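In what follows, a single structure is set out as structure tokens and then discussed.
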Protein chains: 6
Amino acid sequence: MRRTFLGLPEVREKARVALIPAPYDATTSWRPGTREGPRRILEVSPYLEFFDEETGSEPHRNLGFYTFPEPELPVDPEKAILTIESLVCKALDEQKFPVLLGGEHTVTLAALRALKERFSSFKILQIDAHPDLRDVYQETPFSHACVMRRAYEMGLEVVAVGIRTASREEYELIQREKLSVLWARDLKRDFEAGLANLKDLLGEGPVYVTLDLDGFDPAEAPGVGTPEPGGLTWYEVLEILKLAASFRVIGFDVVELLPIPGDPRTEYLAARLIYKFLAYLERGLRTS
Amino acid sequence: MRRTFLGLPEVREKARVALIPAPYDATTSWRPGTREGPRRILEVSPYLEFFDEETGSEPHRNLGFYTFPEPELPVDPEKAILTIESLVCKALDEQKFPVLLGGEHTVTLAALRALKERFSSFKILQIDAHPDLRDVYQETPFSHACVMRRAYEMGLEVVAVGIRTASREEYELIQREKLSVLWARDLKRDFEAGLANLKDLLGEGPVYVTLDLDGFDPAEAPGVGTPEPGGLTWYEVLEILKLAASFRVIGFDVVELLPIPGDPRTEYLAARLIYKFLAYLERGLRTS
Amino acid sequence: MRRTFLGLPEVREKARVALIPAPYDATTSWRPGTREGPRRILEVSPYLEFFDEETGSEPHRNLGFYTFPEPELPVDPEKAILTIESLVCKALDEQKFPVLLGGEHTVTLAALRALKERFSSFKILQIDAHPDLRDVYQETPFSHACVMRRAYEMGLEVVAVGIRTASREEYELIQREKLSVLWARDLKRDFEAGLANLKDLLGEGPVYVTLDLDGFDPAEAPGVGTPEPGGLTWYEVLEILKLAASFRVIGFDVVELLPIPGDPRTEYLAARLIYKFLAYLERGLRTS
Amino acid sequence: MRRTFLGLPEVREKARVALIPAPYDATTSWRPGTREGPRRILEVSPYLEFFDEETGSEPHRNLGFYTFPEPELPVDPEKAILTIESLVCKALDEQKFPVLLGGEHTVTLAALRALKERFSSFKILQIDAHPDLRDVYQETPFSHACVMRRAYEMGLEVVAVGIRTASREEYELIQREKLSVLWARDLKRDFEAGLANLKDLLGEGPVYVTLDLDGFDPAEAPGVGTPEPGGLTWYEVLEILKLAASFRVIGFDVVELLPIPGDPRTEYLAARLIYKFLAYLERGLRTS
Amino acid sequence: MRRTFLGLPEVREKARVALIPAPYDATTSWRPGTREGPRRILEVSPYLEFFDEETGSEPHRNLGFYTFPEPELPVDPEKAILTIESLVCKALDEQKFPVLLGGEHTVTLAALRALKERFSSFKILQIDAHPDLRDVYQETPFSHACVMRRAYEMGLEVVAVGIRTASREEYELIQREKLSVLWARDLKRDFEAGLANLKDLLGEGPVYVTLDLDGFDPAEAPGVGTPEPGGLTWYEVLEILKLAASFRVIGFDVVELLPIPGDPRTEYLAARLIYKFLAYLERGLRTS
Amino acid sequence: MRRTFLGLPEVREKARVALIPAPYDATTSWRPGTREGPRRILEVSPYLEFFDEETGSEPHRNLGFYTFPEPELPVDPEKAILTIESLVCKALDEQKFPVLLGGEHTVTLAALRALKERFSSFKILQIDAHPDLRDVYQETPFSHACVMRRAYEMGLEVVAVGIRTASREEYELIQREKLSVLWARDLKRDFEAGLANLKDLLGEGPVYVTLDLDGFDPAEAPGVGTPEPGGLTWYEVLEILKLAASFRVIGFDVVELLPIPGDPRTEYLAARLIYKFLAYLERGLRTS
Ligand SMILES: [Mn+2]
Ligand SMILES: [Mn+2]
Ligand SMILES: [Mn+2]
Ligand SMILES: [Mn+2]
Ligand SMILES: [Mn+2]
Ligand SMILES: [Mn+2]
Ligand SMILES: [Mn+2]
Ligand SMILES: [Mn+2]
Ligand SMILES: [Mn+2]
Ligand SMILES: [Mn+2]
Ligand SMILES: [Mn+2]
Ligand SMILES: [Mn+2]
């Protein structure tokens with residue numbers, strides 16, 4: 001089965017954007033199923049309108065998309081990350097902007113590693129309900145709950161947005177190391193201030209954007225493993241992505257989709273968000 | 001089975017309001033099922049409180065309701081529209097205010113045609129995520145995706161509220177013809193301004209209100225075919241309906257309900273909305 | 001999106017079997033959704049074992065499959081039948097054995113018409129809970145409930161197996177015209193006798209096989225519109241198909257799949273059945 | 001809302017059969033919801049074929065049905081039983097054959113009491129997975145788990161069919177008192193012998209039939225509170241009902257339907273069974 | 001099965017907080033199932049982060065929790081209330097702060113009665129979509145729809161927040177008796193004013209907090225019996241609870257959870273809310 | 001949370017039977033979720049009748065059960081197997097009969113390894129739809145699809161019952177090595193002959209029984225990853241287990257439960273089966 005984003009025929013050579021399915025889901029504790037995520041995003045994507053009315057643009061036409069075939073991933077997280085990393089490298093070698101479709105948050109590490117070889121330094125804009133800063137979780141350091149801790153260890157600066165729950169250890173690490181966290185409850189109190197703060201924290205960029213769908217409020221994105229109340233709205237995330245698009249963006253991922261049979265809202269939102277973010281990025285990607 | 005709104009016995013002669021089931025659903029592309037819509041709205045309606053605490057009124061008592069039996073509709077959209085139109089005409093002949101229960105958005109045409117014979121001119125207030133302005137869709141001009149294009153061709157002015165996705169062709173038509181569209185993202189930025197704008201656009205009225213439930217945010221109304229994120233809230237729609245009620249309203253429909261088994265939220269919201277709008281309209285309908 | 005049976009790459013020229021999606025669903029009265037049928041069968045098919053342990057054969061390798069892209073079908077049943085008919089004709093022109101994936105039972109007419117032009121006479125083996133012998137249903141003669149009546153009018157002999165409900169009119173027609181019906185309750189009493197009877201009724205063949213999934217017991221195939229209790233089991237249907245395979249079979253369809261979100265049993269059974277029937281037919285198709 | 005069996009208009013005076021909704025559900029321990037049962041049976045009933053192809057009869061035409069409006073039942077089981085009993089009495093006073101639609105099994109007591117006043121003695125044919133012979137359950141003697149114990153105390157003889165689980169106390173009572181139990185596993189070994197045994201046990205009749213839907217195998221009737229594996233099939237239950245119809249039958253109930261949203265199989269089977277049993281009873285009821 | 005809040009081992013003697021399951025659900029009219037509520041809250045609670053990032057506190061460690069085993073409740077509401085009341089008394093006798101887990105709203109009466117014996121006077125802060133002020137409902141005065149009427153009769157002052165539907169009788173009672181109701185639509189217009197008003201109305205306290213989950217918007221808390229649109233958000237409820245925590249709080253309950261299979265959002269929100277409110281109350285409870 | 005089988009308090013020292021949760025689920029390809037299996041079996045088990053009416057025995061009383069706490073399992077399959085193996089060893093050291101609750105079929109290896117150290121030789125009775133004889137699957141030899149291949153390599157003889165699908169490689173291995181497979185379709189033709197054959201193949205025993213729930217027909221056990229039609233019935237599996245109980249049985253597992261939210265049939269069947277098999281084994285276990 002050859003699933004493509006929007007269900008359209010694609011020309012690999014001309015594509016400026018690579019969609020990379022990363023159906024990894026092994027370290028989840030509560031509710032498994034994110035391995036179905038990439039498949040579902042691709043399956044609902046043909047029902048989008050292939051046009052962005054906000055920017056008046058058509059990224060699928062102006063940039064060109066190429067959807068990688070879904071890889072079979074080994075069970076071992078380190079090996080799975082390696083497999084995905086090689087796909088991201090292939091995309092980068094073909095001068096394509098990588099868009100990773102998770103799978104659990106662990107897969108972000110694959111993109112970070114591939115990009116680290118090409119960019120001496122970049123910032124990570126993480127949209128998430130959780131900081132994912134644990135050292136080890138369920139006996140592995142390569143868990144969705146540890147992914148940003150690994151990023152910090154790679155020397156990457158993370159700006160976390162929408163966080164609204166944390167373990168005591170994560171909380172103390174954030175305080176001690178003065179990590180950049182924009183808590184959801186502060187954003188809810190004064191979103192404009194938060195946005196300005198975010199702009200400062202992103203500094204010069206470039207920026208990698210990782211979007212854990214549980215950053216959204218579960219009312220809008222119910223298909224996630226841990227439906228943490230009090231999350232971001234569609235328009236808040238769009239504002240954040242528009243700000244990100246004012247920087248040089250070098251990669252993007254959408255992770256932690258846990259599809260709910262019969263309720264396509266979350267995958268539809270994810271597909272829409274990808275199209276929209278690419279519309280925001282269109283000019284930048286065409287000229288870079 | 002004789003389903004009535006609120007599950008109450010009704011006296012046809014005394015009823016000032018006609019509820020007309022229009023279970024048509026044949027042109028849907030993605031997820032079929034809106035033909036169950038009227039049935040589900042009627043089935044949950046007895047669990048409403050039969051009293052509106054905002055206005056202190058009881059429209060079922062003060063106006064009187066009559067629910068038409070659900071018609072069997074032909075597959076062909078043109079014939080289906082004709083069948084529904086004859087029901088609307090019957091209601092109008094009995095001096096009843098017509099409330100259409102969809103079914104896909106196509107059914108609105110039936111009401112528009114029946115009213116066009118009686119009112120030389122009126123405005124349409126459309127609440128929707130989509131402009132529904134295509135010329136042809138899936139080889140038929142009588143599709144839910146074309147219904148407002150047909151309305152324009154009938155010489156009716158449409159004010160579309162809550163729109164947040166469009167095809168390129170629709171977008172260009174809107175720009176070229178300067179059609180009245182209040183985009184959702186503009187309403188979200190400044191709702192009061194949008195409301196004032198809407199008031200101006202409705203001019204002198206009279207007004208027909210068509211409510212595609214996907215105008216609501218899918219968090220509040222998940223039971224729709226295309227759950228477009230970023231929609232209107234309950235209180236925003238109520239404000240719009242209160243404004244509409246300050247005009248002469250000549251008909252109303254609620255369409256595109258796609259019931260979700262085990263989740264009655266959307267049909268309950270639809271039933272509640274109908275009761276509430278009739279409460280807003282009560283004084284006007286009693287004196288007209 | 002290019003969905004293929006088993007999810008494998010295909011070579012059109014070499015394929016002896018054509019899978020033709022026919023996602024038509026407009027005349028359903030109770031529970032719509034069969035238009036999702038072809039898509040779901042194709043989506044679960046890659047999870048089959050690509051080998052038939054009963055015959056030791058691999059039809060996908062030995063015959064070769066080609067899956068037609070899913071057509072967009074008009075709402076009007078006659079036009080929809082025409083569109084599907086042209087696909088079946090294309091398959092027949094390419095010397096391919098046609099396997100239609102429904103969609104509602106109406107789509108069988110498309111195959112019958114295409115075959116009628118090429119075979120002066122053939123028998124229809126219908127597995128179904130219902131005789132589908134109405135003259136008109138919901139104002140159209142092209143309804144799932146009328147499809148076998150249309151077949152009789154084309155001069156085709158139908159042998160109906162597994163029937164367990166009928167309208168009075170259908171029942172009287174069956175009695176009056178001595179139509180060939182193997183009632184489910186008789187098969188349950190003496191299956192061997194029923195099978196022998198079926199063999200006689202099929203005479204010399206050739207045979208077109210149409211399988212309405214509601215012929216199965218709803219315990220085994222819950223994903224159908226009218227879950228009529230008392231249906232056939234997996235092994236009973238296999239016996240019937242093995243008998244059919246002893247005749248010359250000129251076409252096959254599987255119709256009336258109404259997918260249930262989160263319960264893939266029915267589409268999996270359908271996909272498995274198609275693979276198995278093709279394994280039974282393999283020798284015949286290779287030498288014809 | 002006036003729900004009728006088959007959704008047809010009814011003439012109370014002419015009706016020989018009374019359908020009595022008994023939506024009581026308060027003593028359930030595990031999974032509540034049987035109060036939705038009567039409503040669901042009535043709602044799917046219009047989708048039945050109004051003709052029985054086995055007997056060639058049309059009980060709705062030849063006997064006439066009248067569906068009582070659904071009563072509001074008090075929480076207290078004794079009072080609820082009283083309310084239902086008065087409805088059964090009304091039906092009996094109008095010379096109607098009572099068909100009770102449960103609700104939990106407790107409601108059978110209402111029918112037994114009403115009939116006890118009119119028939120000095122009768123037998124109960126109970127189809128069930130459980131003997132329901134507890135003395136007290138959850139602090140009340142009026143529980144679904146005690147209903148047949150209460151029947152025995154009323155001096156009524158019960159023949160229980162399909163039983164496949166019991167508490168130790170129930171088991172010892174059955175052994176000690178030599179109660180008539182046809183265990184499911186014995187029926188599965190030799191159904192003909194079981195049927196002959198049943199015939200003997202029913203003696204001279206008359207017979208009241210109470211059908212707890214969990215008597216069916218959960219594969220065929222998934223919508224029950226306790227899905228006990230190893231139950232009866234559709235054809236086995238039909239054989240039992242045909243045998244019952246050879247006696248004078250004075251009442252019937254179908255209880256313990258726990259509707260599953262989106263899976264109408266169990267209520268459809270229940271509705272079909274009621275129609276079929278009435279077809280079996282038709283001649284008897286017309287002449288009595 | 002011994003279910004504990006957070007799934008942790010507990011030391012009864014040291015626990016300052018008692019969690020009391022009250023799985024009563026018998027007077028529900030529309031959609032039953034709240035008896036599963038306590039079980040579900042406890043089952044999802046181990047997936048919470050055991051730390052409150054807003055206050056930096058760990059109530060499970062600093063206060064200590066003890067979860068009562070789930071009682072078997074009689075069907076009769078008065079007796080059920082008595083059973084629960086005795087558990088609350090036990091908790092109070094052990095100097096524990098009672099947190100009741102419903103079950104339908106009726107169970108609140110058990111806590112009120114137990115507290116009334118120990119506190120001459122206190123206020124009730126009710127978060128709810130409905131005033132629950134009926135005199136009798138479905139023939140019993142001990143219904144979820146009557147619970148606050150009973151509270152008033154006990155001489156307790158109720159401040160109701162989030163109300164957005166009422167019967168005419170309730171509405172007239174509120175007007176006539178000038179009962180304290182903060183309507184949802186007023187809160188939505190000016191939340192700060194509402195909060196200030198609430199503070200005044202609570203006066204000197206002490207306060208009992210009863211949270212009917214339908215006070216939340218159904219988008220955030222879909223698992224309730226009557227999903228009334230237009231409800232409170234997570235952050236609004238948190239503000240209200242923070243205000244409550246500035247008073248002496250003597251008890252708390254979370255009621256009317258109707259779990260939806262496969263969608264744990266509502267029980268997760270309930271568990272999170274309980275943990276958070278206890279974090280707000282931590283200092284007060286440690287020093288009292 | 002301390003979940004116990006039947007929800008009863010347990011005395012570890014006196015227990016002759018150990019229930020060992022093995023919530024491993026990482027190598028699944030299609031539909032994940034078996035890690036929820038052990039939890040669900042334990043959660044529904046309190047709703048069983050604690051008595052076996054067929055044998056008149058009460059294994060929970062006569063043997064005594066002890067349920068191990070659910071272990072946290074590493075992602076790596078080899079390490080997960082080691083963790084589970086150590087639990088099985090603990091059970092065996094305490095002279096307890098081990099009953100493993102899966103989790104995917106991979107976990108059986110843990111029991112086989114622990115038993116291999118204690119029994120020089122034993123047979124495996126495998127009930128399954130699939131032979132699970134692949135060498136490697138998805139890059140790991142420790143997959144559910146390889147577990148019986150690993151068993152053969154350990155020198156253990158496997159008798160596979162109910163098989164109805166296989167890869168070509170598995171099929172050829174079975175033919176070449178003359179492995180003991182009782183195909184489902186042969187059992188369906190002549191069950192008595194199959195049973196006799198099975199008895200011969202088990203020889204002298206002792207026997208380890210591994211039950212993949214997909215061995216059952218999906219109509220009876222829908223909650224499995226690959227719902228292969230044509231499986232065994234409840235009574236057929238009971239016959240097989242009764243035959244097994246005539247041998248010395250040294251361990252047992254129930255694996256591959258994939259719970260379906262809202263449909264407890266499969267976990268209930270699994271819990272019932274465990275209780276029943278222990279009733280069959282009761283005498284043997286008490287005297288050994
Ligand atoms: Mn997260
Ligand atoms: Mn994350
Ligand atoms: Mn729309
Ligand atoms: Mn529309
Ligand atoms: Mn059919
Ligand atoms: Mn058919
Ligand atoms: Mn029962
Ligand atoms: Mn019963
Ligand atoms: Mn409420
Ligand atoms: Mn309440
Ligand atoms: Mn298997
Ligand atoms: Mn297996």
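Here, A, B, ... name the chains of the structure tokens in the order displayed, residue numbers run from 1 inside each chain, and ligands are numbered from 1 in the same displayed order.
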
Please find the residues contacting ligand 7 at a distance of at most 10 Å between atoms, with only C-alpha atoms and all ligand atoms counted, and report them as a list in words.
Glu104, His105, Gln126, Ile127, Asp128, Ala129, His130, Pro131, Asp132, His144, Ala145, Gly162, Ile163, Arg164, Thr165, Leu211, Asp212, Leu213, Asp214, Gly215, Phe216, Val224, Gly225, Thr226, Pro227, Glu228, Val255 and Glu256 of chain D

Please return, as an MDAnalysis selection string, all residues of chain A lying within 9 Å of chain C when only C-alpha atoms are considered.
chainID A and resid 1:9 42:43 46 260:263

DSSP on the backbone, strand (DSSP E) only: what residues of stretch 43-274 of chain D does that give? Format it as a ChimeraX atom specification.
/D:65-67,97-102,123-127,157-163,180-183,207-212,249-255

Output N, CA, C and O atoms for every residue in that selection, as a compact mmCIF listing (two decimals), in the first residue's frame.
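That gives us result17.txt:
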```
# COMPACT_ATOMS: atom_id res chain seq x y z
N PHE D 65 -51.39 -5.76 16.93
CA PHE D 65 -50.52 -5.44 18.06
C PHE D 65 -50.95 -4.13 18.69
O PHE D 65 -51.42 -3.23 18.00
N TYR D 66 -50.73 -4.03 19.98
CA TYR D 66 -50.83 -2.73 20.64
C TYR D 66 -49.66 -2.58 21.61
O TYR D 66 -49.43 -3.44 22.45
N THR D 67 -48.93 -1.48 21.42
CA THR D 67 -47.74 -1.23 22.25
C THR D 67 -48.08 -0.22 23.33
O THR D 67 -48.46 0.92 23.02
N PHE D 97 -52.80 -10.93 24.66
CA PHE D 97 -51.68 -11.78 25.03
C PHE D 97 -50.51 -10.85 25.41
O PHE D 97 -50.08 -10.03 24.60
N PRO D 98 -49.98 -10.96 26.63
CA PRO D 98 -48.95 -10.00 27.06
C PRO D 98 -47.54 -10.42 26.65
O PRO D 98 -47.12 -11.56 26.86
N VAL D 99 -46.83 -9.48 26.05
CA VAL D 99 -45.41 -9.65 25.73
C VAL D 99 -44.66 -8.53 26.44
O VAL D 99 -44.77 -7.36 26.07
N LEU D 100 -43.88 -8.91 27.45
CA LEU D 100 -43.16 -7.93 28.25
C LEU D 100 -41.79 -7.69 27.64
O LEU D 100 -41.09 -8.63 27.29
N LEU D 101 -41.38 -6.42 27.55
CA LEU D 101 -40.05 -6.09 27.04
C LEU D 101 -39.21 -5.52 28.17
O LEU D 101 -39.47 -4.41 28.63
N GLY D 102 -38.21 -6.30 28.64
CA GLY D 102 -37.36 -5.82 29.75
C GLY D 102 -36.26 -4.96 29.21
O GLY D 102 -36.08 -4.85 28.00
N LYS D 123 -46.90 -23.49 34.03
CA LYS D 123 -45.47 -23.77 34.07
C LYS D 123 -44.72 -22.59 33.49
O LYS D 123 -45.24 -21.87 32.62
N ILE D 124 -43.49 -22.45 33.93
CA ILE D 124 -42.63 -21.40 33.38
C ILE D 124 -41.52 -22.06 32.58
O ILE D 124 -40.80 -22.90 33.12
N LEU D 125 -41.41 -21.70 31.34
CA LEU D 125 -40.28 -22.12 30.53
C LEU D 125 -39.29 -20.96 30.53
O LEU D 125 -39.57 -19.92 29.93
N GLN D 126 -38.16 -21.15 31.24
CA GLN D 126 -37.15 -20.09 31.37
C GLN D 126 -35.96 -20.42 30.49
O GLN D 126 -35.33 -21.46 30.65
N ILE D 127 -35.64 -19.54 29.56
CA ILE D 127 -34.41 -19.66 28.78
C ILE D 127 -33.43 -18.65 29.36
O ILE D 127 -33.73 -17.46 29.42
N GLU D 157 -44.07 -24.02 38.77
CA GLU D 157 -43.01 -24.92 38.36
C GLU D 157 -42.20 -24.28 37.25
O GLU D 157 -42.77 -23.82 36.26
N VAL D 158 -40.90 -24.30 37.40
CA VAL D 158 -40.03 -23.67 36.41
C VAL D 158 -39.21 -24.74 35.70
O VAL D 158 -38.64 -25.61 36.35
N VAL D 159 -39.17 -24.68 34.38
CA VAL D 159 -38.24 -25.52 33.63
C VAL D 159 -37.20 -24.58 33.01
O VAL D 159 -37.54 -23.74 32.17
N ALA D 160 -35.95 -24.72 33.49
CA ALA D 160 -34.90 -23.79 33.08
C ALA D 160 -34.05 -24.43 32.00
O ALA D 160 -33.58 -25.56 32.15
N VAL D 161 -33.84 -23.70 30.92
CA VAL D 161 -33.14 -24.24 29.75
C VAL D 161 -31.94 -23.37 29.40
O VAL D 161 -32.08 -22.14 29.34
N GLY D 162 -30.80 -24.00 29.19
CA GLY D 162 -29.62 -23.25 28.73
C GLY D 162 -28.71 -22.80 29.85
O GLY D 162 -27.73 -22.09 29.61
N ILE D 163 -29.03 -23.23 31.06
CA ILE D 163 -28.25 -22.80 32.24
C ILE D 163 -26.82 -23.29 32.09
O ILE D 163 -26.56 -24.41 31.69
N SER D 180 -36.12 -28.61 37.79
CA SER D 180 -35.98 -28.96 36.36
C SER D 180 -35.01 -28.01 35.67
O SER D 180 -35.37 -26.87 35.36
N VAL D 181 -33.82 -28.51 35.43
CA VAL D 181 -32.81 -27.70 34.75
C VAL D 181 -32.26 -28.49 33.57
O VAL D 181 -31.75 -29.59 33.74
N LEU D 182 -32.36 -27.92 32.38
CA LEU D 182 -31.70 -28.51 31.21
C LEU D 182 -30.42 -27.72 30.99
O LEU D 182 -30.44 -26.61 30.44
N TRP D 183 -29.30 -28.27 31.46
CA TRP D 183 -28.02 -27.56 31.38
C TRP D 183 -27.61 -27.39 29.93
O TRP D 183 -27.79 -28.27 29.10
N VAL D 207 -48.26 -22.63 29.59
CA VAL D 207 -46.86 -22.25 29.73
C VAL D 207 -46.68 -20.74 29.61
O VAL D 207 -47.28 -20.11 28.72
N TYR D 208 -45.89 -20.21 30.51
CA TYR D 208 -45.40 -18.84 30.38
C TYR D 208 -43.94 -18.93 29.96
O TYR D 208 -43.16 -19.66 30.58
N VAL D 209 -43.54 -18.20 28.95
CA VAL D 209 -42.16 -18.26 28.46
C VAL D 209 -41.42 -16.99 28.84
O VAL D 209 -41.84 -15.89 28.50
N THR D 210 -40.31 -17.17 29.56
CA THR D 210 -39.47 -16.02 29.89
C THR D 210 -38.10 -16.22 29.27
O THR D 210 -37.44 -17.22 29.53
N LEU D 211 -37.71 -15.27 28.43
CA LEU D 211 -36.46 -15.42 27.71
C LEU D 211 -35.46 -14.35 28.14
O LEU D 211 -35.59 -13.18 27.76
N ASP D 212 -34.51 -14.76 28.96
CA ASP D 212 -33.37 -13.90 29.31
C ASP D 212 -32.41 -14.01 28.12
O ASP D 212 -31.94 -15.10 27.79
N VAL D 249 -49.83 -21.18 25.41
CA VAL D 249 -48.90 -20.18 25.95
C VAL D 249 -49.71 -18.99 26.43
O VAL D 249 -50.57 -18.48 25.70
N ILE D 250 -49.47 -18.56 27.67
CA ILE D 250 -50.31 -17.51 28.25
C ILE D 250 -49.58 -16.17 28.42
O ILE D 250 -50.17 -15.18 28.86
N GLY D 251 -48.29 -16.16 28.08
CA GLY D 251 -47.55 -14.90 28.20
C GLY D 251 -46.11 -15.15 27.82
O GLY D 251 -45.66 -16.29 27.73
N PHE D 252 -45.39 -14.07 27.62
CA PHE D 252 -44.04 -14.17 27.08
C PHE D 252 -43.28 -12.92 27.50
O PHE D 252 -43.84 -11.83 27.57
N ASP D 253 -42.01 -13.06 27.79
CA ASP D 253 -41.20 -11.86 27.98
C ASP D 253 -39.81 -12.07 27.41
O ASP D 253 -39.32 -13.18 27.30
N VAL D 254 -39.20 -10.95 27.02
CA VAL D 254 -37.80 -10.93 26.55
C VAL D 254 -37.10 -9.90 27.42
O VAL D 254 -37.46 -8.72 27.39
N VAL D 255 -36.12 -10.36 28.19
CA VAL D 255 -35.52 -9.47 29.18
C VAL D 255 -33.98 -9.45 29.08
O VAL D 255 -33.38 -10.23 28.37
```

List every residue of stretch 48-202 of chain E that DSSP, applied to the backbone, labels as helix (DSSP H, G or I), and write the result as a PyMOL selection string.
chain E and resi 59-62+77-93+105-116+147-153+168-177+184-189+191-202

Between atom CA of B:Leu87 and atom CA of B:Ile240, what distance in Å does the model show, to one decimal?
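The value is 27.4 Å.
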